[in-house]
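data_38.txt (compact mmCIF, N, CA and C atoms)
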# COMPACT_ATOMS: atom_id res chain seq x y z
N PHE M 1 37.42 45.23 25.93
CA PHE M 1 36.68 45.16 24.67
C PHE M 1 35.32 45.82 24.81
N GLU M 2 34.70 45.67 25.99
CA GLU M 2 33.35 46.23 26.16
C GLU M 2 33.32 47.74 26.04
N ASP M 3 34.46 48.41 26.21
CA ASP M 3 34.51 49.86 26.03
C ASP M 3 34.32 50.27 24.58
N TYR M 4 34.51 49.34 23.66
CA TYR M 4 34.44 49.66 22.24
C TYR M 4 33.16 49.16 21.58
N VAL M 5 32.33 48.46 22.32
CA VAL M 5 31.08 47.94 21.78
C VAL M 5 29.94 48.76 22.40
N PRO M 6 29.14 49.42 21.59
CA PRO M 6 28.06 50.24 22.14
C PRO M 6 27.02 49.39 22.89
N LYS M 7 26.55 49.93 24.00
CA LYS M 7 25.47 49.26 24.73
C LYS M 7 24.20 49.32 23.90
N ARG M 8 23.37 48.28 24.01
CA ARG M 8 22.07 48.29 23.33
C ARG M 8 21.02 48.74 24.32
N TYR M 9 20.11 49.57 23.85
CA TYR M 9 19.06 50.11 24.69
C TYR M 9 17.70 49.63 24.23
N THR M 10 16.72 49.77 25.12
CA THR M 10 15.31 49.62 24.79
C THR M 10 14.68 50.99 25.00
N LEU M 11 13.42 51.13 24.66
CA LEU M 11 12.75 52.41 24.88
C LEU M 11 12.65 52.74 26.37
N LYS M 12 12.71 51.72 27.21
CA LYS M 12 12.59 51.94 28.66
C LYS M 12 13.89 52.38 29.32
N ASN M 13 15.04 52.04 28.74
CA ASN M 13 16.31 52.38 29.40
C ASN M 13 17.25 53.24 28.56
N VAL M 14 16.76 53.81 27.47
CA VAL M 14 17.61 54.57 26.55
C VAL M 14 18.18 55.81 27.24
N LYS M 15 19.44 56.09 26.94
CA LYS M 15 20.13 57.30 27.40
C LYS M 15 20.54 58.06 26.16
N PHE M 16 20.36 59.35 26.20
CA PHE M 16 20.64 60.19 25.03
C PHE M 16 21.94 60.94 25.18
N PRO M 17 22.62 61.24 24.06
CA PRO M 17 22.26 60.88 22.69
C PRO M 17 22.41 59.37 22.46
N ALA M 18 21.61 58.86 21.54
CA ALA M 18 21.63 57.44 21.19
C ALA M 18 21.62 57.32 19.67
N ILE M 19 22.05 56.18 19.18
CA ILE M 19 22.05 55.91 17.74
C ILE M 19 20.87 55.00 17.42
N PHE M 20 20.06 55.41 16.44
CA PHE M 20 18.99 54.58 15.91
C PHE M 20 19.50 54.01 14.61
N LYS M 21 19.36 52.70 14.42
CA LYS M 21 19.71 52.14 13.11
C LYS M 21 18.90 50.89 12.83
N TYR M 22 18.68 50.67 11.55
CA TYR M 22 17.98 49.47 11.13
C TYR M 22 18.89 48.28 11.33
N SER M 23 18.29 47.13 11.68
CA SER M 23 19.13 45.97 11.99
C SER M 23 19.74 45.33 10.75
N MET M 24 19.15 45.53 9.58
CA MET M 24 19.72 44.98 8.35
C MET M 24 19.97 46.11 7.36
N THR M 25 21.19 46.63 7.37
CA THR M 25 21.57 47.69 6.45
C THR M 25 23.08 47.70 6.32
N SER M 26 23.59 48.55 5.49
CA SER M 26 25.04 48.70 5.37
C SER M 26 25.38 50.17 5.19
N SER M 27 26.59 50.51 5.51
CA SER M 27 27.11 51.87 5.36
C SER M 27 26.33 52.90 6.17
N GLY M 28 25.65 52.46 7.20
CA GLY M 28 24.93 53.40 8.07
C GLY M 28 23.68 54.00 7.45
N ILE M 29 23.19 53.43 6.36
CA ILE M 29 22.01 53.98 5.70
C ILE M 29 20.82 53.91 6.66
N GLY M 30 20.17 55.05 6.87
CA GLY M 30 19.02 55.13 7.76
C GLY M 30 19.37 55.34 9.22
N SER M 31 20.66 55.33 9.55
CA SER M 31 21.08 55.56 10.93
C SER M 31 20.97 57.05 11.26
N GLU M 32 20.69 57.31 12.52
CA GLU M 32 20.54 58.71 12.93
C GLU M 32 20.86 58.85 14.42
N ILE M 33 21.49 59.96 14.77
CA ILE M 33 21.70 60.28 16.18
C ILE M 33 20.41 60.88 16.70
N CYS M 34 19.88 60.33 17.77
CA CYS M 34 18.67 60.85 18.41
C CYS M 34 19.09 61.53 19.72
N TYR M 35 18.70 62.77 19.88
CA TYR M 35 19.09 63.55 21.04
C TYR M 35 18.05 63.56 22.15
N ASN M 36 16.84 63.08 21.84
CA ASN M 36 15.78 63.05 22.84
C ASN M 36 14.71 62.05 22.38
N MET M 37 13.71 61.83 23.25
CA MET M 37 12.68 60.84 22.95
C MET M 37 11.84 61.22 21.74
N ASP M 38 11.63 62.51 21.50
CA ASP M 38 10.87 62.93 20.31
C ASP M 38 11.57 62.50 19.03
N ASP M 39 12.90 62.70 18.98
CA ASP M 39 13.68 62.24 17.82
C ASP M 39 13.50 60.74 17.61
N LEU M 40 13.62 60.00 18.70
CA LEU M 40 13.55 58.54 18.63
C LEU M 40 12.15 58.07 18.21
N LYS M 41 11.12 58.65 18.77
CA LYS M 41 9.75 58.25 18.42
C LYS M 41 9.44 58.53 16.95
N ARG M 42 10.01 59.59 16.42
CA ARG M 42 9.83 59.89 14.99
C ARG M 42 10.43 58.79 14.12
N LYS M 43 11.54 58.22 14.55
CA LYS M 43 12.21 57.17 13.77
C LYS M 43 11.54 55.81 13.93
N ILE M 44 10.97 55.50 15.09
CA ILE M 44 10.47 54.14 15.33
C ILE M 44 9.08 53.89 14.76
N LYS M 45 8.56 54.81 14.00
CA LYS M 45 7.27 54.59 13.35
C LYS M 45 7.37 53.57 12.22
N THR M 46 8.54 53.09 11.95
CA THR M 46 8.79 52.14 10.87
C THR M 46 8.35 50.73 11.26
N LYS M 47 8.08 49.91 10.26
CA LYS M 47 7.77 48.50 10.49
C LYS M 47 9.02 47.64 10.41
N ARG M 48 10.13 48.25 10.00
CA ARG M 48 11.40 47.52 9.89
C ARG M 48 11.98 47.27 11.27
N LYS M 49 12.78 46.21 11.40
CA LYS M 49 13.46 45.93 12.66
C LYS M 49 14.57 46.95 12.84
N TYR M 50 14.76 47.37 14.07
CA TYR M 50 15.77 48.39 14.37
C TYR M 50 16.42 48.09 15.71
N ILE M 51 17.53 48.77 15.95
CA ILE M 51 18.19 48.72 17.25
C ILE M 51 18.50 50.14 17.69
N ILE M 52 18.62 50.30 18.99
CA ILE M 52 19.00 51.57 19.59
C ILE M 52 20.28 51.31 20.37
N GLN M 53 21.33 52.09 20.08
CA GLN M 53 22.62 51.87 20.71
C GLN M 53 23.16 53.14 21.34
N GLU M 54 24.08 52.92 22.24
CA GLU M 54 24.81 54.01 22.88
C GLU M 54 25.60 54.77 21.81
N PHE M 55 25.64 56.09 21.95
CA PHE M 55 26.44 56.92 21.06
C PHE M 55 27.81 57.09 21.70
N ILE M 56 28.85 56.60 21.05
CA ILE M 56 30.22 56.69 21.56
C ILE M 56 30.97 57.71 20.73
N VAL M 57 31.49 58.73 21.39
CA VAL M 57 32.27 59.76 20.70
C VAL M 57 33.70 59.27 20.59
N SER M 58 34.17 59.13 19.36
CA SER M 58 35.53 58.65 19.12
C SER M 58 35.91 58.97 17.69
N ASN M 59 37.20 59.02 17.43
CA ASN M 59 37.66 59.19 16.06
C ASN M 59 38.02 57.84 15.43
N LYS M 60 37.64 56.74 16.11
CA LYS M 60 37.92 55.40 15.60
C LYS M 60 36.63 54.68 15.27
N GLU M 61 36.65 53.95 14.18
CA GLU M 61 35.53 53.10 13.81
C GLU M 61 36.06 51.68 13.66
N TYR M 62 35.44 50.77 14.38
CA TYR M 62 35.83 49.37 14.32
C TYR M 62 34.87 48.64 13.40
N ALA M 63 35.39 47.89 12.47
CA ALA M 63 34.55 47.20 11.50
C ALA M 63 34.98 45.74 11.37
N GLY M 64 34.01 44.91 11.08
CA GLY M 64 34.30 43.50 10.85
C GLY M 64 33.42 42.99 9.72
N ASN M 65 34.00 42.25 8.82
CA ASN M 65 33.26 41.65 7.72
C ASN M 65 33.57 40.16 7.72
N MET M 66 32.52 39.37 7.56
CA MET M 66 32.70 37.92 7.59
C MET M 66 31.98 37.26 6.42
N PHE M 67 32.57 36.22 5.91
CA PHE M 67 31.93 35.36 4.94
C PHE M 67 31.55 34.09 5.69
N VAL M 68 30.24 33.81 5.75
CA VAL M 68 29.74 32.67 6.51
C VAL M 68 29.07 31.69 5.55
N LYS M 69 29.44 30.43 5.68
CA LYS M 69 28.84 29.39 4.85
C LYS M 69 28.38 28.26 5.77
N ASN M 70 27.10 27.94 5.69
CA ASN M 70 26.53 26.88 6.53
C ASN M 70 26.81 27.11 8.02
N GLY M 71 26.74 28.36 8.44
CA GLY M 71 26.93 28.69 9.85
C GLY M 71 28.37 28.74 10.31
N GLU M 72 29.32 28.56 9.41
CA GLU M 72 30.75 28.58 9.76
C GLU M 72 31.42 29.78 9.12
N ILE M 73 32.22 30.50 9.91
CA ILE M 73 32.97 31.65 9.37
C ILE M 73 34.11 31.12 8.52
N ILE M 74 34.05 31.38 7.22
CA ILE M 74 35.06 30.92 6.28
C ILE M 74 36.22 31.91 6.21
N HIS M 75 35.89 33.20 6.23
CA HIS M 75 36.91 34.24 6.12
C HIS M 75 36.42 35.48 6.87
N SER M 76 37.33 36.18 7.51
CA SER M 76 36.94 37.41 8.20
C SER M 76 38.04 38.45 8.10
N ILE M 77 37.62 39.69 8.08
CA ILE M 77 38.54 40.83 8.02
C ILE M 77 38.07 41.84 9.07
N TYR M 78 38.97 42.31 9.88
CA TYR M 78 38.65 43.32 10.88
C TYR M 78 39.55 44.52 10.66
N SER M 79 39.01 45.69 10.92
CA SER M 79 39.82 46.89 10.70
C SER M 79 39.44 47.97 11.71
N VAL M 80 40.37 48.88 11.90
CA VAL M 80 40.14 50.07 12.71
C VAL M 80 40.39 51.26 11.79
N LEU M 81 39.38 52.09 11.64
CA LEU M 81 39.49 53.26 10.79
C LEU M 81 39.59 54.50 11.67
N PHE M 82 40.42 55.43 11.28
CA PHE M 82 40.57 56.67 12.01
C PHE M 82 39.94 57.78 11.20
N ALA M 83 39.02 58.51 11.80
CA ALA M 83 38.35 59.62 11.13
C ALA M 83 38.94 60.92 11.65
N PHE M 84 39.23 61.80 10.77
CA PHE M 84 39.75 63.11 11.13
C PHE M 84 38.73 64.17 10.70
N LEU M 85 38.32 64.97 11.64
CA LEU M 85 37.37 66.03 11.32
C LEU M 85 38.12 67.20 10.70
N VAL M 86 37.61 67.67 9.58
CA VAL M 86 38.24 68.77 8.88
C VAL M 86 37.30 69.95 8.92
N SER M 87 37.79 71.05 9.38
CA SER M 87 36.98 72.26 9.46
C SER M 87 37.22 73.11 8.23
N MET M 88 36.13 73.53 7.60
CA MET M 88 36.24 74.39 6.43
C MET M 88 36.10 75.83 6.91
N VAL M 89 37.03 76.67 6.55
CA VAL M 89 36.99 78.08 6.99
C VAL M 89 36.45 78.94 5.88

Turn this file's structure into structure tokens for me.
Amino acid sequence: FEDYVPKRYTLKNVKFPAIFKYSMTSSGIGSEICYNMDDLKRKIKTKRKYIIQEFIVSNKEYAGNMFVKNGEIIHSIYSVLFAFLVSMV
């Protein structure tokens, strides 16, 4: 399972490329691939909470959605999405 969960980095141990994303968002809004420390420093000027994660190259996206009430998971749905890259000629 750990092969499918991106490692979390700090500014001291980040390896590039890395994914920068806000901790509270959906649909990847505000997420960006950072290829070096300059890219990352440009993004972290925000006051919002963020995380830095390992960039995993794959055509699969794993997603989970949960409905939580009073700290208990009432319902959950998990899915694996396959992305196909299409080249326009």

Q. Interatomic distance between CA of Ser26 in chain M and CA of Ile51 in chain M?
A. 13.7 Å

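Omitting His75 in chain M and its sequence neighbours fewer than 4 positions away, and counting only C-alpha atoms, the residues within 8 Å are Met66, Phe67 and Val68 of chain M.
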
Based on the selection just made, write N, CA and C atoms of those residues as an mmCIF file, in the frame of the given file.
data_model
loop_
_atom_site.group_PDB
_atom_site.id
_atom_site.type_symbol
_atom_site.label_atom_id
_atom_site.label_comp_id
_atom_site.auth_asym_id
_atom_site.auth_seq_id
_atom_site.Cartn_x
_atom_site.Cartn_y
_atom_site.Cartn_z
ATOM 1 N N MET M 66 32.520 39.370 7.560
ATOM 2 C CA MET M 66 32.700 37.920 7.590
ATOM 3 C C MET M 66 31.980 37.260 6.420
ATOM 4 N N PHE M 67 32.570 36.220 5.910
ATOM 5 C CA PHE M 67 31.930 35.360 4.940
ATOM 6 C C PHE M 67 31.550 34.090 5.690
ATOM 7 N N VAL M 68 30.240 33.810 5.750
ATOM 8 C CA VAL M 68 29.740 32.670 6.510
ATOM 9 C C VAL M 68 29.070 31.690 5.550
#

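Separating CA of Tyr22 in chain M from CA of Lys49 in chain M is a distance of 5.9 Å.
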
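Distance annotation: of M:Ser27, M:Asn36, M:Thr10, M:Asn70, the residue with the minimal separation from Ile52 in chain M is M:Thr10; atom set is all atoms listed in the file.
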
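Comparing M:Lys15, M:Thr46, M:Leu81, M:Ile33 by their smallest distance to Tyr62 in chain M, the closest is M:Leu81 (using only N, CA and C atoms).
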
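In this model, the gap between atom N of Tyr35 in chain M and atom N of Phe16 in chain M comes to 7.4 Å.
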
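Closest approach to Ala18 in chain M from the set M:Lys60, M:Glu54, M:Asp39, M:Ile44 is made by M:Glu54, with distances taken over all atoms listed in the file.
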
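The residue set within 7 Å of Asn65 in chain M, counting only N, CA and C atoms and dropping same-chain residues fewer than 2 places from it, reads Ala63, Phe67, His75, Ser76, Ile77, Tyr78 and Ser79 of chain M.
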
(Q) Among chain M, which ones does DSSP assign to strand (DSSP E or B) (computed from the backbone)? Answer as a PyMOL selection string. (A) chain M and resi 8-9+18-22+32-34+50-54+60-69+72-82

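Between Lys7 in chain M and the residues M:Val80, M:Gly64, M:Lys47, M:Phe55, the shortest atom-to-atom distance, using only N, CA and C atoms, involves M:Phe55.
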
Q.
Counting only C-alpha atoms, which residue out of M:Phe20, M:Val57, M:Arg8, M:Thr25 sits closest to Arg42 in chain M?
A. M:Phe20
